[in-house]
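Engineer: One structure coming up, written as structure tokens, with questions to follow.
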Amino acid sequence: MTLTLAVLDAFGGAVDFIFSPRPSRGSGPDVGGLGQVGELTLEHLRLSGAAMVLGLALALPVGVYLGHRGRAELLAVGIGNAGRAIPELALIAFLVAFVGVGFVNVTIALVVLAIPPILTNTFVGIRQVDRDAIDAARGVGMSELQIALRIELPLAAPTIIAGVRTSAINVIATAAIAPLAGVVTLGDFIINRNVYGDEGVLAGAILIALLAIAVELVLAAVQTLLTPRGVRVERALAARA
Amino acid sequence: MSVSAAAITVAQAGSDFFRDRSEADCIRDNGAFCAGWVIENADRYVEPTLEHAFLVLVPVALGFAIAFAMAVASHRARWLVPPFIGATGVLYTIPSLAFFFLLLPITGRGNVTAIVALTAYTLQIIYRNIVAGLANVPADAKDAGLGMGMTERQLLWRVEMPLALPEIIAGVRVATVTTVALASLAVFAGAGGLGNEIIAGSAITFRTGIVVAGSLMILMALAFDLLLLAIQRHLGRWRVAGRERAAGAPRLRRLRAPGPERA
Amino acid sequence: MHAREASRDEDPAGAALAVEFRDATKTYPGADAPAVDALTLAVPAGEICVLVGPSGCGKTTAMRMVNRMIEISSGDVLVGGRSVRERSAAELRRHTGYVIQQIGLFPHRTIAENIATVPRLLGWERERTRARVDELIELVGLDPELAGRYPGQLSGGQQQRVGVARALAANPEVMLMDEPFGAVDPINRERLQNEFLRLQAELRKTILFVTHDIDEAIKMGDRIAVLREGGSVAQFATPAELLMTPADDFVEDFVGADRALKRLSLLRVADIDLWRAPLAFAGQATSEVRAKLEGAEVPYALLVDSERRPLGWLSDSDLARDVVPARPNSSPEPVLDLDDVMRDALSDLLQAESQYAPVVDAQRRIAGVLSVEIVSHFLTSEEALTDEHPAAEREFVEP
């Protein structure tokens with residue numbers, strides 16, 4: 001019972017932190033309150049967004065190209081496997097120690113994290129597109145580029161977006177330790193306990209979790225929207241069978 | 001003392017001298033990889049590495065046990081699949097760092113918090129792979145199994161699970177590699193692991209330390225991955241067998257009419 | 001083959017049982033009409049009953065009601081006089097052989113383990129199971145070396161044989177076979193059919209055999225049930241009756257316009273009188289051979305070896321020499337078996353564009369010569385119109 005009370009108390013304190021500013025535990029300006037929360041959330045999104053956009057811009061075309069040609073399967077899939085093994089903390093630490101702090105540097109580190117799932121899923125998704133459909137498209141006289149963009153990409157979209165989702169989760173999670181590299185995201189609440197206090201730490205955890213879930217829901221909706229209707233129907237029928 | 005022995009002693013003293021100088025320089029200049037320092041201090045990495053392995057093996061084992069139980073339950077009661085996927089999905093989405101501190105009021109700082117959070121993260125990967133593996137069992141094998149008189153339970157354990165095993169192990173591999181990487185953050189939860197070698201205190205600037213700790217984590221991930229790959233290959237050896245067909249398949253013999261042997 | 005005799009005695013369950021459908025009906029939820037509508041059918045013990053009909057006629061559904069892979073909506077199915085509903089589904093199935101078109105071998109188990117599935121489920125001792133597996137592998141004509149291989153390493157025909165072996169393993173009372181030879185090419189299918197009939201002649205199980213192919217039905221069945229869409233019986237009769245007196249237009253259409261030719265499936269080469277060709281041995285004086293050719297039924301001489309196995313036909317240039325050569329100019333192909341179904345034999349003859357074909361017995365020794373003339377003569381004879389030859393009771397000529 002006391003544990004439950006303690007937990008409720010803690011969470012109550014965290015919620016309070018989110019809404020009302022209070023003096024800092026260290027020296028410095030007041031902390032907490034929606035204003036600061038909003039600021040850090042925006043920075044978190046800015047960082048994650050930049051990394052995702054860059055990651056997509058790099059990984060998507062390469063994945064489409066390799067998938068369409070059917071080349072370098074070992075590389076495309078291998079990068080996906082290798083990407084999973086990158087220790088997030090070591091990545092950021094490496095950055096800080098060898099390259100330097102700052103928004104651009106952290107973004108680059110996060111791009112390294114973002115690329116593997118997108119690359120692998122794009123490659124696999126394109127490879128799995130029905131060969132017959134592609135043959136037919138060629139037979140009709142479509143150019144390779146048209147085939148890639150109009151046939152393969154839409155049909156591979158669900159798999160690709162799944163990769164984007166995995167990527168996004170990793171990026172948002174790692175963006176939480178970006179404060180170590182000088183970019184003040186929501187993770188700052190957690191890392192700098194001596195400034196924000198225990199309520200701040202818990203508030204940070206809650207906010208990061210909510211942010212991740214929100215982004216995930218948005219991307220899930222995007223995945224459904226971008227799935228061509230025919231594929232959706234096909235899948236629904238298959239699921240029911 | 002012979003000439004050669006003297007020469008060796010001088011050479012030894014000289015290299016010692018230079019090594020001390022360059023090693024200290026290396027450390028002072030924060031070199032990327034001060035080999036001498038690493039060799040001397042190798043034993044300080046033993047415990048964090050073991051802790052790190054512990055922080056990987058326990059969550060994966062626990063995650064596997066839980067996901068497996070969930071998969072067996074939802075195999076019969078299919079309506080459980082969507083809520084299970086949803087629940088494990090939420091746990092997967094919540095960043096581990098946040099998870100550590102959400103658990104803090106309940107489990108406090110230390111290994112337990114880290115293990116709970118890391119276990120939660122593996123659930124979705126493993127659960128999904130078990131479900132997919134079971135779904136990919138050929139329908140005719142299941143039909144034949146039931147038709148020969150296996151009960152549903154016998155079918156599950158003697159036919160479906162063995163056939164799904166390669167895919168399940170593949171899921172465990174992904175979960176393991178991911179957990180090795182994530183366990184680097186366990187330091188924030190007050191747990192052990194190689195993360196402590198990276199962020200000693202709150203400064204993360206010791207280059208050699210970062211390189212060593214990072215490399216150890218990557219090597220550990222690789223080692224676990226290869227080990228599990230070997231297990232996956234062994235358990236799925238009947239798959240490989242198929243490719244050896246056609247070449248040297250023995251000729252069919254004419255059927256002998258059954259009955260007493262003819263002279 | 002003492003081992004097999006012993007196992008049959010130990011297993012009274014091995015004796016075949018009759019299967020009966022009594023108004024058996026299956027309606028799927030949400031469907032307008034039943035898939036199988038009040039099916040009433042009695043299959044005598046030890047016979048092959050073929051369920052045949054167009055797709056959607058419920059033949060597979062009816063078959064699967066016997067081992068309760070499909071639950072009966074109303075009516076009953078009895079095996080050996082006992083309702084299948086009285087027995088537990090798993091127990092019922094362990095005593096029912098089950099062969100499906102896609103075979104469904106367990107890819108992760110060796111051939112031997114696959115065949116041993118039901119004996120293991122029944123708790124047989126390891127020695128007994130092993131002996132039975134070895135026996136069955138030989139019985140279905142597989143190389144014993146295959147026992148340790150995995151299904152993925154076998155060809156389609158081999159897998160099919162394993163499927164049959166697996167179904168026979170625990171000496172079931174009843175066998176259910178759903179297009180069991182459907183997944184192989186026509187050549188192998190013919191071979192498998194012949195060999196299965198040979199097996200059945202010895203084992204005499206009660207078999208429900210589902211096929212969509214009327215020719216297979218006529219070849220395999222002791223009795224044939226032609227089902228209409230919606231699963232009711234249009235006619236239940238022996239193959240000969242079906243061909244000679246189809247019950248209505250539907251059956252007549254389904255059987256096909258070439259009923260007379262189809263009757264050739266009811267006969268074996270051994271059933272009719274074959275012609276004799278003069279035989280020649282290597283080194284024999286050709287004058288002797290030429291003397292034999294005068295007035296012979298078959299105007300060609302057949303070169304045979306010391307065991308009377310055909311080596312080839314002798315041409316005029318061969319006979320122009322002094323002695324019969326050791327190697328003939330032409331091959332003896334097509335060489336037919338006494339056990340071959342007449343329809344297949346005729347087909348081989350026509351395909352080879354050959355007028356005559358030597359017929360050999362089980363030891364490959366010459367037994368006579370078949371020609372197209374013989375076949376057509378027989379088809380129009382009185383004998384052909386009245387004879388009936390149940391599929392598995394046909395006798396095999398002993399050497």
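If you're wondering about the labels, chains in the structure tokens are A, B, ... by order shown, residues count from 1 in each chain, ligands from 1 in order shown.
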May I have the residues within 10 Å of Tyr127 in chain B as a list of chain:residue names, using only C-alpha atoms and disregarding those fewer than 3 positions away in the same chain?
Structural biologist: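 Neighbouring residues, sequence-local ones excluded: B:Gly63, B:Phe64, B:Ala65, B:Ile66, B:Ala67, B:Phe68, B:Ala69, B:Met70, B:Ala71, B:Val72, B:Val81, B:Phe84, B:Ile85, B:Thr88, B:Thr122, B:Leu123, B:Gln124, B:Ile130, B:Val131, B:Ala132, B:Gly133, B:Ile168, B:Gly171, B:Val172.
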Engineer: For the residues selected in the previous step, produce a file with C-alpha atoms as an mmCIF file, in the first residue's frame.
Structural biologist:
data_model
loop_
_atom_site.group_PDB
_atom_site.id
_atom_site.type_symbol
_atom_site.label_atom_id
_atom_site.label_comp_id
_atom_site.auth_asym_id
_atom_site.auth_seq_id
_atom_site.Cartn_x
_atom_site.Cartn_y
_atom_site.Cartn_z
ATOM 1 C CA GLY B 63 11.640 -11.977 -22.675
ATOM 2 C CA PHE B 64 11.732 -15.263 -24.496
ATOM 3 C CA ALA B 65 9.951 -17.085 -21.693
ATOM 4 C CA ILE B 66 7.201 -14.472 -21.487
ATOM 5 C CA ALA B 67 6.785 -14.072 -25.235
ATOM 6 C CA PHE B 68 6.699 -17.830 -25.641
ATOM 7 C CA ALA B 69 3.970 -18.202 -23.069
ATOM 8 C CA MET B 70 2.022 -15.432 -24.751
ATOM 9 C CA ALA B 71 2.406 -17.077 -28.143
ATOM 10 C CA VAL B 72 1.199 -20.450 -26.879
ATOM 11 C CA VAL B 81 -3.104 -11.679 -30.915
ATOM 12 C CA PHE B 84 -0.758 -8.800 -27.403
ATOM 13 C CA ILE B 85 0.806 -7.143 -30.421
ATOM 14 C CA THR B 88 4.197 -5.429 -26.665
ATOM 15 C CA THR B 122 12.486 -7.628 -26.375
ATOM 16 C CA LEU B 123 8.899 -8.799 -26.044
ATOM 17 C CA GLN B 124 7.549 -7.482 -29.288
ATOM 18 C CA ILE B 130 7.094 -16.794 -32.762
ATOM 19 C CA VAL B 131 3.663 -15.965 -34.142
ATOM 20 C CA ALA B 132 5.043 -15.550 -37.664
ATOM 21 C CA GLY B 133 7.030 -18.769 -37.393
ATOM 22 C CA ILE B 168 11.960 -18.031 -33.550
ATOM 23 C CA GLY B 171 13.874 -13.297 -33.572
ATOM 24 C CA VAL B 172 15.943 -14.070 -30.493
#
Engineer: Contacts from chain A to chain B, 7 Å maximum, only C-alpha atoms: show me the residue list as a PyMOL selection string.
Structural biologist: chain A and resi 7+10+84-90+93-94+96-97+169+173+202+205-206+208-209+212-213
Engineer: So how far away is CA of Arg78 in chain B from CA of Leu226 in chain A, in Å?
Structural biologist: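 Straight-line distance from CA of Leu226 in chain A to CA of Arg78 in chain B works out to 27.3 Å.
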Engineer: With only C-alpha atoms as the counted atoms, please give the residues lying no more than 9 Å from Val116 in chain B, apart from itself and same-chain residues fewer than 2 positions off, as a tab-separated table (two decimals) with C-alpha atoms, in the first residue's frame.
Structural biologist:
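As written to disk, part.tsv reads:
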chain	number	residue	atom	x	y	z
B	59	PRO	CA	16.35	-9.90	-20.30
B	99	PHE	CA	11.35	3.31	-19.15
B	100	PHE	CA	14.15	3.18	-16.58
B	103	LEU	CA	10.13	2.23	-13.18
B	111	ASN	CA	20.02	-3.90	-12.13
B	112	VAL	CA	16.40	-4.82	-11.58
B	113	THR	CA	15.11	-1.68	-13.22
B	114	ALA	CA	17.41	-2.13	-16.17
B	118	LEU	CA	15.25	-4.32	-21.34
B	119	THR	CA	13.00	-7.36	-21.06
B	120	ALA	CA	9.99	-5.29	-22.02
B	121	TYR	CA	11.81	-4.11	-25.10
Engineer: So what do you get for CA of Met161 in chain B versus CA of Thr110 in chain C, distance-wise?
Structural biologist: 16.4 Å
Engineer: For CA of Gly145 in chain B and CA of Phe106 in chain C, quote the distance in Å rounded to one decimal.
Structural biologist: 8.3 Å
Engineer: May I have the residues within 7 Å of Arg149 in chain C as number ranges by chain, using only C-alpha atoms and disregarding those fewer than 2 positions away in the same chain?
Structural biologist: C: 110-111, 146-147, 151, 153
Engineer: Quick one: which residues from chain C are at most 6 Å off chain B, using only C-alpha atoms, as a PDB file with C-alpha atoms, in the first residue's frame?
Structural biologist:
ATOM      1  CA  MET C   1       7.620 -62.177 -44.375  1.00  0.00           C
ATOM      2  CA  ALA C  90      -7.732 -38.535 -31.979  1.00  0.00           C
ATOM      3  CA  ARG C  93      -7.786 -41.058 -36.537  1.00  0.00           C
ATOM      4  CA  ARG C  94      -4.938 -43.137 -35.200  1.00  0.00           C
ATOM      5  CA  GLY C 104       1.921 -33.252 -45.795  1.00  0.00           C
ATOM      6  CA  LEU C 105       5.117 -34.944 -44.729  1.00  0.00           C
ATOM      7  CA  PHE C 106       6.790 -33.348 -41.735  1.00  0.00           C
ATOM      8  CA  HIS C 108      11.709 -31.569 -39.942  1.00  0.00           C
ATOM      9  CA  GLY C 141       9.123 -49.725 -53.195  1.00  0.00           C
ATOM     10  CA  GLY C 152      12.962 -32.099 -48.925  1.00  0.00           C
ATOM     11  CA  GLN C 153      15.506 -34.466 -50.405  1.00  0.00           C
TER      12      GLN C 153
END
Engineer: Mind the document's chain letters and residue numbers, and return as a PyMOL selection string the residues of range 110-247 of chain C that DSSP labels helix (DSSP H, G or I).
Structural biologist: chain C and resi 111-115+117-122+126-139+144-148+151-153+156-168+186-203+214-220+239-244
Engineer: May I have the residues within 8 Å of range 26-39 of chain A as a PyMOL selection string, using only C-alpha atoms and disregarding those fewer than 5 positions away in the same chain?
Structural biologist: chain A and resi 17-21+186+194-196+200
Engineer: Which of these, C:Val251, C:Ala291, C:Val77, C:Leu274, has the shortest distance to Ile374 in chain C once you count only C-alpha atoms?
Structural biologist: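 Counting only C-alpha atoms, the residue closest to Ile374 in chain C is C:Leu274.
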